[in-house]
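*Asks:* Sharing start18.txt, compact mmCIF, C-alpha atoms:
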# COMPACT_ATOMS: atom_id res chain seq x y z
CA MET A 47 73.68 123.82 76.57
CA ALA A 48 76.98 122.03 76.18
CA THR A 49 77.90 118.37 76.38
CA VAL A 50 80.57 117.74 79.04
CA LEU A 51 82.68 114.61 79.29
CA SER A 52 83.80 114.10 82.89
CA VAL A 53 86.88 111.86 82.93
CA SER A 54 88.24 110.23 86.07
CA GLY A 55 91.80 109.01 85.67
CA SER A 56 91.86 107.25 89.03
CA PRO A 57 92.50 103.50 89.19
CA SER A 58 90.55 103.21 92.46
CA ALA A 59 86.89 102.24 92.68
CA THR A 60 86.58 104.30 95.88
CA SER A 61 88.52 107.24 94.53
CA ARG A 62 88.18 110.71 96.02
CA THR A 63 88.94 112.02 92.54
CA ALA A 64 85.95 110.20 91.06
CA ARG A 65 83.72 111.27 93.95
CA LEU A 66 84.77 114.88 93.44
CA LEU A 67 84.05 114.65 89.71
CA ARG A 68 80.60 113.13 90.23
CA HIS A 69 79.87 115.97 92.67
CA LEU A 70 80.88 118.52 90.02
CA ASP A 71 78.91 116.60 87.38
CA ALA A 72 75.75 117.23 89.39
CA ASP A 73 76.55 120.96 89.56
CA LEU A 74 77.12 121.16 85.81
CA ALA A 75 73.97 119.13 85.07
CA ALA A 76 71.96 121.49 87.33
CA GLN A 77 73.18 124.32 85.09
CA GLY A 78 71.64 122.54 82.10
CA HIS A 79 74.69 120.83 80.65
CA GLU A 80 74.58 117.22 79.51
CA VAL A 81 77.27 115.45 81.54
CA ILE A 82 78.72 112.09 80.53
CA PRO A 83 80.94 110.40 83.16
CA LEU A 84 83.86 108.25 82.05
CA ASP A 85 85.89 106.31 84.61
CA VAL A 86 89.02 105.22 82.77
CA ARG A 87 89.46 102.32 85.21
CA THR A 88 86.35 100.69 83.66
CA LEU A 89 88.00 100.41 80.25
CA PRO A 90 89.59 97.03 79.49
CA ALA A 91 93.17 96.89 80.76
CA ASP A 92 94.28 94.72 77.85
CA ALA A 93 93.01 97.32 75.37
CA LEU A 94 94.66 100.20 77.23
CA LEU A 95 98.00 98.49 77.84
CA GLY A 96 98.06 96.81 74.44
CA ALA A 97 97.26 100.09 72.65
CA ASP A 98 94.30 98.44 70.92
CA PHE A 99 92.91 101.46 69.09
CA ALA A 100 90.24 99.29 67.46
CA HIS A 101 88.84 97.81 70.68
CA PRO A 102 85.14 98.73 70.87
CA GLU A 103 85.51 100.34 74.30
CA ILE A 104 88.45 102.47 73.16
CA VAL A 105 86.52 103.46 70.04
CA ARG A 106 83.55 104.39 72.25
CA ALA A 107 85.77 106.48 74.55
CA THR A 108 87.28 108.24 71.53
CA GLU A 109 83.79 109.01 70.26
CA LEU A 110 82.82 110.45 73.65
CA PHE A 111 85.77 112.86 73.44
CA ALA A 112 84.78 113.83 69.89
CA ARG A 113 81.17 114.46 70.90
CA ALA A 114 81.95 116.63 73.93
CA ASP A 115 82.06 120.42 73.88
CA GLY A 116 83.91 120.49 77.18
CA ILE A 117 86.00 118.04 79.13
CA VAL A 118 86.65 117.86 82.86
CA ILE A 119 89.72 115.74 83.50
CA GLY A 120 90.35 114.63 87.06
CA THR A 121 93.35 112.71 88.29
CA PRO A 122 95.00 111.74 91.50
CA VAL A 123 98.61 112.87 91.64
CA TYR A 124 101.22 110.17 92.10
CA LYS A 125 104.90 111.08 92.36
CA ALA A 126 104.24 114.63 91.12
CA ALA A 127 102.45 113.51 87.96
CA TYR A 128 98.97 112.61 86.78
CA SER A 129 97.99 108.95 86.87
CA GLY A 130 99.48 106.42 84.50
CA LEU A 131 95.96 105.18 83.80
CA LEU A 132 94.97 108.60 82.48
CA LYS A 133 98.21 108.81 80.47
CA THR A 134 97.43 105.45 78.87
CA LEU A 135 94.02 106.66 77.68
CA LEU A 136 95.34 110.02 76.45
CA ASP A 137 97.99 108.15 74.45
CA LEU A 138 95.27 106.18 72.64
CA LEU A 139 93.27 109.23 71.59
CA PRO A 140 93.94 110.95 68.26
CA GLN A 141 96.69 113.57 68.44
CA TYR A 142 94.22 116.46 68.24
CA ALA A 143 91.32 114.89 70.13
CA LEU A 144 90.81 118.06 72.16
CA THR A 145 90.67 120.48 69.24
CA GLY A 146 87.94 123.01 69.83
CA LYS A 147 87.27 121.75 73.36
CA THR A 148 87.17 123.69 76.62
CA VAL A 149 89.03 121.72 79.29
CA LEU A 150 89.02 121.90 83.08
CA PRO A 151 91.94 119.99 84.67
CA LEU A 152 91.52 118.89 88.28
CA ALA A 153 93.83 116.96 90.57
CA THR A 154 93.68 115.46 94.03
CA GLY A 155 96.52 114.46 96.29
CA GLY A 156 97.80 114.10 99.80
CA THR A 157 100.02 117.18 99.94
CA THR A 158 100.24 120.60 98.30
CA ALA A 159 103.74 119.59 97.16
CA HIS A 160 101.95 118.08 94.14
CA VAL A 161 99.96 121.16 93.13
CA LEU A 162 102.25 121.99 90.21
CA ALA A 163 101.49 118.65 88.55
CA LEU A 164 98.51 120.37 86.92
CA ASP A 165 100.57 123.05 85.21
CA TYR A 166 103.80 121.17 84.57
CA ALA A 167 102.56 117.67 83.75
CA LEU A 168 98.90 117.68 82.67
CA ARG A 169 98.39 121.09 81.04
CA PRO A 170 101.15 120.64 78.41
CA VAL A 171 99.63 117.32 77.29
CA LEU A 172 96.15 118.83 77.04
CA SER A 173 97.55 121.76 75.09
CA SER A 174 99.45 119.48 72.71
CA MET A 175 96.17 117.68 72.00
CA GLY A 176 94.69 120.91 70.65
CA ALA A 177 92.46 122.11 73.49
CA ALA A 178 90.93 125.42 72.45
CA HIS A 179 90.75 126.73 76.00
CA ILE A 180 92.18 125.23 79.18
CA VAL A 181 90.65 127.05 82.11
CA PRO A 182 92.65 127.37 85.32
CA GLY A 183 92.61 124.01 87.04
CA TRP A 184 92.42 123.24 90.70
CA PHE A 185 94.18 120.91 93.12
CA VAL A 186 92.16 119.53 96.05
CA LEU A 187 93.77 117.92 99.06
CA ASP A 188 92.48 114.41 99.75
CA ARG A 189 91.61 115.37 103.29
CA HIS A 190 89.28 118.10 101.95
CA ILE A 191 87.04 115.49 100.28
CA THR A 192 84.87 113.42 102.61
CA ALA A 193 81.72 111.38 102.28
CA GLY A 194 78.56 112.88 103.71
CA ASP A 195 75.95 110.94 105.68
CA ASP A 196 73.84 110.75 102.51
CA GLY A 197 76.73 109.29 100.49
CA GLY A 198 77.38 112.61 98.75
CA VAL A 199 80.58 114.58 98.85
CA VAL A 200 81.41 117.13 101.51
CA LEU A 201 84.16 119.57 100.59
CA ASP A 202 86.20 121.51 103.09
CA PRO A 203 85.40 125.23 102.68
CA ALA A 204 89.08 125.90 101.94
CA SER A 205 88.66 123.90 98.71
CA ALA A 206 84.96 124.37 98.00
CA ALA A 207 84.98 128.10 97.34
CA PRO A 208 87.93 128.17 94.91
CA LEU A 209 86.67 125.00 93.22
CA ASP A 210 83.26 126.61 92.72
CA GLN A 211 85.05 129.53 91.07
CA VAL A 212 87.01 127.40 88.57
CA VAL A 213 83.88 125.37 87.74
CA ALA A 214 82.00 128.65 87.15
CA GLN A 215 84.81 129.79 84.81
CA PHE A 216 84.58 126.47 82.96
CA ALA A 217 80.78 126.75 82.65
CA ALA A 218 81.07 130.35 81.42
CA ALA A 219 83.64 129.31 78.82
CA LEU A 220 81.31 126.50 77.71
CA ASP A 221 78.43 128.93 77.38
CA ARG A 222 80.57 131.18 75.14
CA THR A 223 81.70 128.31 72.91
CA ALA A 224 78.65 126.02 72.89
CA PRO A 225 77.16 125.45 69.46
CA VAL A 226 74.07 127.49 68.73
CA PRO A 227 71.06 125.32 67.85
CA ALA A 228 69.84 125.70 64.28
CA THR A 229 66.65 127.71 63.85
CA ARG A 230 64.13 127.42 61.08
Could you render the structure from this file as C-alpha cells?
*Replies:*
Amino acid sequence: MATVLSVSGSPSATSRTARLLRHLDADLAAQGHEVIPLDVRTLPADALLGADFAHPEIVRATELFARADGIVIGTPVYKAAYSGLLKTLLDLLPQYALTGKTVLPLATGGTTAHVLALDYALRPVLSSMGAAHIVPGWFVLDRHITAGDDGGVVLDPASAAPLDQVVAQFAAALDRTAPVPATR
C-alpha cells in the first residue's frame, strides 16, 4: 500500500484540525496504508521563520514529503486563508515537492464563509508545487469536531459522511498510483 504523510498546519497543541487528521490517519492505516503524522507546530520556529533550509528538522520534513505517495494537508482557516504556519513550511519545500503525489486538502473553521479557502488559497499552491492529483478537499466546521469520552474524535454526521467520501476518493487514487512492489 501507499505511504501517506498527514500534515497538520495548525499552531495549536489542542487543535481540532490535528485531531481530525489523526482520526483520518487511523482510517487510512486500517486500510493498510503507512501513515506518517507531521505537526508543523513541532518544527523549530527559528528554522521556519529564518528559512533555514539546512536545519536538520526542515531537511527531515522535506524528506518525509519526498518519501510519501500521498499527502493529507489539514489547516485551520484564518481570515479566509490557510494558516501562516503551513505557508511557512510550504515555502521551505522544493518548488516541485509534490510532483507525482496525490493530495487531499482539508480545512477547519468556525463558519462556512471560509469554505472557499480550500479552492482559492490552498489548491493553487498545491498545484504549483506539482501535485499529480489533488482530490476534492473538504471543509469541516469546528463545531462538528468534538472529543469523545475515550479521547477519540466524534464527527457530526453532517460532516462525517461527506468526509468519509473524500477520504475514500483519496484512498482510491492512492491505490491507482501506488508503486507496484518488485517481483522476482
*Asks:* Identify which of the residues A:Thr148, A:Ala97, A:Val186, A:Gly156 lies closest to Arg222 of chain A, counting only C-alpha atoms when measuring atom-to-atom distances.
*Replies:* A:Thr148
*Asks:* Could you pull the residues within 12 Å of Ala59 of chain A, counting all atoms listed in the file, minus those fewer than 4 positions along the same chain, as an MDAnalysis selection string?
*Replies:* chainID A and resid 54:55 63:65 85:88
*Asks:* What's the 9 Å shell around Leu162 of chain A, counting only C-alpha atoms, without same-chain residues fewer than 3 positions away, as a ChimeraX atom specification?
*Replies:* /A:126-127,158-159,165-167,185
*Asks:* With distances taken over only C-alpha atoms, which of A:Gln77, A:Thr49, A:Ser58, A:Thr134 is nearest to Ala91 of chain A?
*Replies:* A:Thr134
*Asks:* Quick one: residues within 9 Å of Pro140 of chain A, all atoms listed in the file, excluding same-chain residues fewer than 3 positions away - as an MDAnalysis selection string?
*Replies:* chainID A and resid 108 136:137 143:144 175
*Asks:* Can you pull out every residue within 12 Å of Pro122 of chain A, counting all atoms listed in the file, but drop anything in the same chain fewer than 2 positions away, and send it as a ChimeraX atom specification?
*Replies:* /A:53-58,61-67,119-120,124-133,151-157,160-161,163-164,168,184-188
*Asks:* If we count all atoms listed in the file, what is near Val105 of chain A at a cut-off of 12 Å, once residues fewer than 4 positions away on the same chain are taken out, given as a PyMOL selection string?
*Replies:* chain A and resi 89-90+93-94+97-101+109-112+135+138-140
*Asks:* Within 9 Å of (85.8, 123.3, 85.6), all atoms listed in the file: residues as a ChimeraX atom specification?
*Replies:* /A:70,74,117-119,149-152,181-184,209-217
*Asks:* When you draw a straight line from atom CA of Ala177 of chain A to atom CA of His79 of chain A, how long is it in Å?
*Replies:*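 Answer for the atom CA of Ala177 of chain A to atom CA of His79 of chain A separation: 19.2 Å.
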*Asks:* Go ahead and compute the interatomic distance for atom CA of Arg113 of chain A and atom CA of Pro208 of chain A, in Å to one decimal.
*Replies:*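 Here the two named atoms are 28.5 Å from each other.
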